[in-house]
Amino acid sequence: MTKIKLDDDWFDASHSECIQWLENNNCMDILLKWNWEPYGDKEWRRKEKLGLAKRYPSRILSPILRRMDCDDRLCATYPEVGQNECPVAMIHDFASEGWEGNSRWKSIADWYEDTEAWQW
């Protein structure tokens with residue numbers, strides 16, 4: 001299993017891109033009602049990023065949001081070559097590697113659309 005190293009620029013940019021989309025589309029208030037909380041503090045994000053990398057070394061995950069009532073995390077994942085949008089994945093953190101979940105969306109917008117459908 002190869003461990004991929006990326007610099008902090010990608011992690012910061014992916015987080016900023018997703019949070020900016022949520023803010024620009026007035027989604028933050030509704031996310032808080034659904035028990036989602038953004039990783040706003042850079043140091044908190046860094047610790048979560050390191051923890052995710054340790055628990056799931058075969059995945060490149062940049063934490064964006066966390067559920068306050070469970071261990072679910074919404075993370076940006078490294079895009080494939082030629083992909084313009086930043087894909088996201090739902091991770092059930094602290095599960096054994098391979099059991100953390102594999103729900104993926106091609107963008108934060110697609111995730112939000114699906115989330116709206118199953119939250120209410």
# chains A, B, ... in the order shown; residues from 1 in each chain; ligands from 1

call {"tool": "residues_around", "arguments": {"residues": "segment 96-101 of chain A", "least_positions_apart": "3", "cutoff": "7 Å", "atoms": "only C-alpha atoms", "output": "list in words"}}
result
Arg55, Tyr56, Met90, Ile91, His92 and Asp93 of chain A

call {"tool": "select_by_dssp", "arguments": {"residues": "segment 1-115 of chain A", "states": "helix (DSSP H, G or I)", "output": "ChimeraX atom specification"}}
result
/A:8-24,28-33,42-55,108-115

call {"tool": "write_last_selection", "arguments": {"atoms": "C-alpha atoms", "output": "short mmCIF file (atom, residue, chain, number, x, y, z; two decimals), in the first residue's frame"}}
result
data_model
loop_
_atom_site.label_atom_id
_atom_site.label_comp_id
_atom_site.auth_asym_id
_atom_site.auth_seq_id
_atom_site.Cartn_x
_atom_site.Cartn_y
_atom_site.Cartn_z
CA ASP A 8 -0.76 21.61 2.86
CA ASP A 9 -1.71 23.82 -0.11
CA TRP A 10 -4.04 21.20 -1.61
CA PHE A 11 -5.66 20.48 1.76
CA ASP A 12 -6.22 24.18 2.48
CA ALA A 13 -7.49 24.90 -1.04
CA SER A 14 -9.91 21.96 -1.09
CA HIS A 15 -11.34 22.94 2.31
CA SER A 16 -11.67 26.60 1.28
CA GLU A 17 -13.33 25.72 -2.03
CA CYS A 18 -15.97 23.56 -0.36
CA ILE A 19 -16.68 25.94 2.52
CA GLN A 20 -16.88 28.87 0.11
CA TRP A 21 -19.44 27.01 -2.00
CA LEU A 22 -21.54 26.27 1.11
CA GLU A 23 -21.37 29.90 2.25
CA ASN A 24 -22.08 31.34 -1.20
CA MET A 28 -24.28 26.83 6.48
CA ASP A 29 -27.32 27.51 8.70
CA ILE A 30 -29.18 24.47 7.44
CA LEU A 31 -26.09 22.29 7.90
CA LEU A 32 -25.90 23.28 11.56
CA LYS A 33 -29.54 22.25 11.97
CA LYS A 42 -6.71 25.43 10.78
CA GLU A 43 -4.99 23.60 13.66
CA TRP A 44 -8.10 21.45 14.27
CA ARG A 45 -8.22 20.61 10.56
CA ARG A 46 -4.52 19.72 10.60
CA LYS A 47 -4.99 17.31 13.52
CA GLU A 48 -8.01 15.71 11.85
CA LYS A 49 -6.11 15.42 8.56
CA LEU A 50 -3.21 13.67 10.31
CA GLY A 51 -5.59 11.35 12.17
CA LEU A 52 -7.44 10.41 8.98
CA ALA A 53 -4.11 9.80 7.18
CA LYS A 54 -3.00 7.50 9.99
CA ARG A 55 -6.28 5.57 10.12
CA ILE A 108 -19.82 19.50 -2.70
CA ALA A 109 -22.88 20.69 -4.64
CA ASP A 110 -23.86 17.11 -5.52
CA TRP A 111 -23.37 16.02 -1.90
CA TYR A 112 -25.51 18.90 -0.64
CA GLU A 113 -28.29 18.07 -3.11
CA ASP A 114 -28.33 14.43 -1.94
CA THR A 115 -28.15 15.52 1.71
#

call {"tool": "select_by_dssp", "arguments": {"residues": "segment 10-67 of chain A", "states": "strand (DSSP E)", "output": "list of chain:residue names"}}
result
A:Trp36, A:Glu37, A:Pro38, A:Leu61, A:Ser62, A:Pro63, A:Ile64, A:Leu65, A:Arg66, A:Arg67

call {"tool": "write_last_selection", "arguments": {"atoms": "C-alpha atoms", "output": "PDB file, in the first residue's frame"}}
result
ATOM      1  CA  TRP A  36     -22.956  19.263  10.659  1.00  0.00           C
ATOM      2  CA  GLU A  37     -20.132  21.484  11.860  1.00  0.00           C
ATOM      3  CA  PRO A  38     -17.360  22.924   9.656  1.00  0.00           C
ATOM      4  CA  LEU A  61      -8.765  12.989   2.724  1.00  0.00           C
ATOM      5  CA  SER A  62      -9.146  16.657   3.589  1.00  0.00           C
ATOM      6  CA  PRO A  63     -11.760  17.134   6.354  1.00  0.00           C
ATOM      7  CA  ILE A  64     -14.485  19.687   5.613  1.00  0.00           C
ATOM      8  CA  LEU A  65     -17.434  18.948   7.924  1.00  0.00           C
ATOM      9  CA  ARG A  66     -18.125  16.631  10.827  1.00  0.00           C
ATOM     10  CA  ARG A  67     -21.385  15.349  12.242  1.00  0.00           C
TER      11      ARG A  67
END

call {"tool": "residues_around", "arguments": {"residues": "Ala89 of chain A", "least_positions_apart": "6", "cutoff": "6 Å", "atoms": "only C-alpha atoms", "output": "list of chain:residue names"}}
result
A:Leu74, A:Cys75, A:Ser103, A:Arg104

call {"tool": "write_last_selection", "arguments": {"atoms": "N, CA and C atoms", "output": "JSON list (two decimals), in the first residue's frame"}}
result
[["chain", "number", "residue", "atom", "x", "y", "z"],
["A", 74, "LEU", "N", -17.29, 14.55, 6.38],
["A", 74, "LEU", "CA", -17.30, 14.83, 4.95],
["A", 74, "LEU", "C", -15.92, 15.34, 4.60],
["A", 75, "CYS", "N", -15.28, 14.69, 3.66],
["A", 75, "CYS", "CA", -13.91, 15.03, 3.30],
["A", 75, "CYS", "C", -13.80, 15.27, 1.80],
["A", 103, "SER", "N", -19.00, 6.29, 0.20],
["A", 103, "SER", "CA", -19.96, 7.16, -0.48],
["A", 103, "SER", "C", -19.20, 8.35, -1.04],
["A", 104, "ARG", "N", -19.33, 8.56, -2.33],
["A", 104, "ARG", "CA", -18.60, 9.64, -2.99],
["A", 104, "ARG", "C", -19.52, 10.45, -3.88]]

call {"tool": "atom_distance", "arguments": {"atom1": "atom CA of Asn35 of chain A", "atom2": "atom CA of Arg59 of chain A"}}
result
25.1 Å

call {"tool": "atom_distance", "arguments": {"atom1": "atom CA of Glu116 of chain A", "atom2": "atom CA of Thr77 of chain A"}}
result
21.1 Å

call {"tool": "atom_distance", "arguments": {"atom1": "atom CA of Phe94 of chain A", "atom2": "atom CA of Asp71 of chain A"}}
result
7.3 Å

call {"tool": "closest_residue", "arguments": {"among": "A:Ser107, A:Tyr78, A:Tyr39, A:Cys27", "to": "Ser58 of chain A", "atoms": "only C-alpha atoms"}}
result
A:Tyr78
